[in-house]
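All remarks here apply to the structure that follows.
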Amino acid sequence: MIDVLDLARPDIRALEPYAHSAWEPALTRLHANENPWADGADAGALGLNRYSESQPKALIGALATHYGVQPGQVLTCRGSDEGIDLVVRAFCRAGRDRVMFCPPTFAMYGFAAAVQGADVVEVPLDGSFGLDADTVLKGWSPGVKIIFLCSPNNPTGNSLARGAIELVLTGLAGRALVVLDEAYIEFAGVGSCLALQSRHPELVILRTLSKAHGLAGARCGVVLAVPAIIGLLARIIPPYALTAPTIVAAFAALAPERLARTQDRVRRLVVERKRLHAALIALPLVRKIWPSDANFLLVEFDDAARAYAAAARNGLLLRDFSRRPRLAGCLRITVGSPEENDRLIMSLAAA
Ligand SMILES: Cc1ncc(COP(=O)(O)O)c(C=O)c1O
């Protein structure tokens with residue numbers, strides 16, 4: 001049996017974890033050099049004079065229930081951005097190990113690799129932005145410790161085929177971590193690949209409360225992995241990573257009535273995505289809209305600068321990808337509220 005931790009940095013495996021102050025809420029805290037007085041104006045009962053609970057038990061439990069895993073398979077972090085950074089730092093030695101990803105995709109994978117001093121191997125998505133498992137497997141070489149896959153993919157919006165993901169997992173078993181970023185999975189018709197973890201311990205899933213759950217400002221990301229990987233990442237995450245207000249907000253978002261509202265909002269955004277797609281594709285300025293399983297559309301324009309400027313004149317900010325390889329003429333448009341989408345449609349129709 002292969003130990004997934006054999007892929008990790010030996011120095012991190014040997015690292016003595018930083019012993020942060022114990023979380024004993026019933027006891028008087030004279031062990032953490034905090035200030036004894038809370039300022040009620042800060043956050044009321046939250047007591048911001050105190051350090052927060054590291055990897056808060058109740059939140060971890062609620063997340064484990066929500067995702068259908070054991071608490072030992074869950075790590076909370078400051079957005080899934082931090083999850084990306086943690087896996088790269090724990091598994092890649094600067095100047096020696098490499099990170100693979102499939103452009104066009106989320107820029108943070110390359111960025112985290114660069115910060116860590118890890119080289120990158122880029123294996124482009126195919127002509128429809130699908131995952132070509134054969135090319136990925138051919139692109140692997142012994143220094144590649146991590147491959148990042150993103151499904152639904154940002155900025156293209158499409159889901160990667162589950163069969164192709166499984167082929168990559170099988171082909172790279174024991175050779176690399178497969179980090180599957182499912183930040184937008186709630187908006188997709190297809191389910192998570194989380195269940196594959198029982199057969200593939202190298203599979204690390206990234207989830208977030210930023211998108212479907214509407215908590216981007218709280219910064220709560222989730223790493224779901226086998227306990228050995230979670231334990232390793234927990235060694236290097238800064239202590240008290242989540243602030244007390246974030247812990248409260250994240251926990252509240254997992255209550256049944258909030259989850260029902262989230263589901264309803266996701267449904268409404270999917271309806272809006274279809275409506276926006278239909279309205280935009282009818283405009284003369286729009287050349288193509290890529291199929292999307294996420295809460296955004298990748299739209300190719302005859303003149304992206306003109307479309308961007310028309311939206312901006314109406315106070316609408318879009319994301320310009322038109323100078324990125326393979327994305328000439330493309331803007332990424334987040335699906336907003338019905339009113340926001342109407343404003344966008346009118347702006348572009350008048351462009
Ligand atoms: C694919 C993908 N992964 C991860 C993130 C980071 O999300 P967060 O750090 O808010 O959890 C984003 C944000 O846009 C994203 O598009």
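Residue numbering restarts at 1 in every chain; chains get A, B, ... in the order shown in the structure tokens, and ligands count up from 1 in that same order.
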Stretch 59-146 of chain A residues near stretch 278-291 of chain A within 12 Å, closest pair each, using only C-alpha atoms, as CSV:
residue,atom,partner,partner_atom,distance
A:Gly127,CA,A:Trp290,CA,11.6
A:Ser128,CA,A:Trp290,CA,8.8
A:Phe129,CA,A:Trp290,CA,9.4
A:Gly130,CA,A:Pro291,CA,11.5
Non-local contacts of stretch 145-157 of chain A (8 Å; only C-alpha atoms; under 5 positions in same chain excluded) as number ranges by chain: A: 7-8, 88, 91-92, 97-102, 104-106, 109, 129, 175-185, 188, 290-294, 296-298, 332
Quick one: residues within 6 Å of stretch 304-311 of chain A, only C-alpha atoms counted, chain neighbours fewer than 6 positions away excluded, as a PyMOL selection string? chain A and resi 329+347+351
Can you tell me, as a PyMOL selection string, what residues are no more than 12 Å from A:Arg162 when counting only C-alpha atoms, ignoring any on the same chain fewer than 3 positions away? chain A and resi 130-133+149-152+159+165-169+180+190-196
Test item: residues at most 8 Å from A:Val4, only C-alpha atoms, excluding those fewer than 5 positions along its chain, as JSON, numbers by chain: {"A": [174, 177, 201, 202, 228, 229]}
Selected residues, N, CA and C atoms, written as a PDB file, in the first residue's frame, please.
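What ended up in out_5.pdb:
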ATOM      1  N   GLY A 174      -0.221   7.014  -6.613  1.00  0.00           N
ATOM      2  CA  GLY A 174       1.092   6.863  -5.974  1.00  0.00           C
ATOM      3  C   GLY A 174       2.154   7.787  -6.546  1.00  0.00           C
ATOM      4  N   LEU A 177      -0.377  14.015  -6.179  1.00  0.00           N
ATOM      5  CA  LEU A 177      -1.690  14.393  -5.643  1.00  0.00           C
ATOM      6  C   LEU A 177      -2.520  14.926  -6.786  1.00  0.00           C
ATOM      7  N   PRO A 201      -6.636   7.727  -2.509  1.00  0.00           N
ATOM      8  CA  PRO A 201      -6.232   8.605  -1.400  1.00  0.00           C
ATOM      9  C   PRO A 201      -5.460   9.839  -1.857  1.00  0.00           C
ATOM     10  N   GLU A 202      -4.997   9.846  -3.114  1.00  0.00           N
ATOM     11  CA  GLU A 202      -4.277  11.036  -3.622  1.00  0.00           C
ATOM     12  C   GLU A 202      -5.234  12.151  -4.008  1.00  0.00           C
ATOM     13  N   ALA A 228      -4.448  11.619   6.747  1.00  0.00           N
ATOM     14  CA  ALA A 228      -2.990  11.831   6.755  1.00  0.00           C
ATOM     15  C   ALA A 228      -2.644  13.167   6.094  1.00  0.00           C
ATOM     16  N   ILE A 229      -3.327  13.477   4.992  1.00  0.00           N
ATOM     17  CA  ILE A 229      -3.047  14.751   4.297  1.00  0.00           C
ATOM     18  C   ILE A 229      -3.561  15.924   5.128  1.00  0.00           C
TER      19      ILE A 229
END
So that I can check the surroundings of A:Leu254, please list as a ChimeraX atom specification every protein, DNA and RNA residue that reaches within 12 Å of it, counting only C-alpha atoms and ignoring chain neighbours fewer than 6 positions away. /A:58-67,209,212-215,247-248,260-263
I need the residue nearest ligand 1 from this list: A:Asp85, A:Glu53, A:Asp39, A:Asp11. Use only C-alpha atoms and all ligand atoms for the distance.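 Closest to ligand 1, using only C-alpha atoms and all ligand atoms: A:Asp85.
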How far is it from atom CA of A:Ser80 to atom CA of A:Leu344, in Å with one decimal? 29.0 Å
For a test of reading the model, state the distance in Å between atom CA of A:Arg9 and atom CA of A:Pro124, rounded to one decimal.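 Computing it gives 26.9 Å between the two atoms.
With atom CA of A:Arg343 on one side and atom CA of A:Phe187 on the other, the separation reads 22.6 Å.
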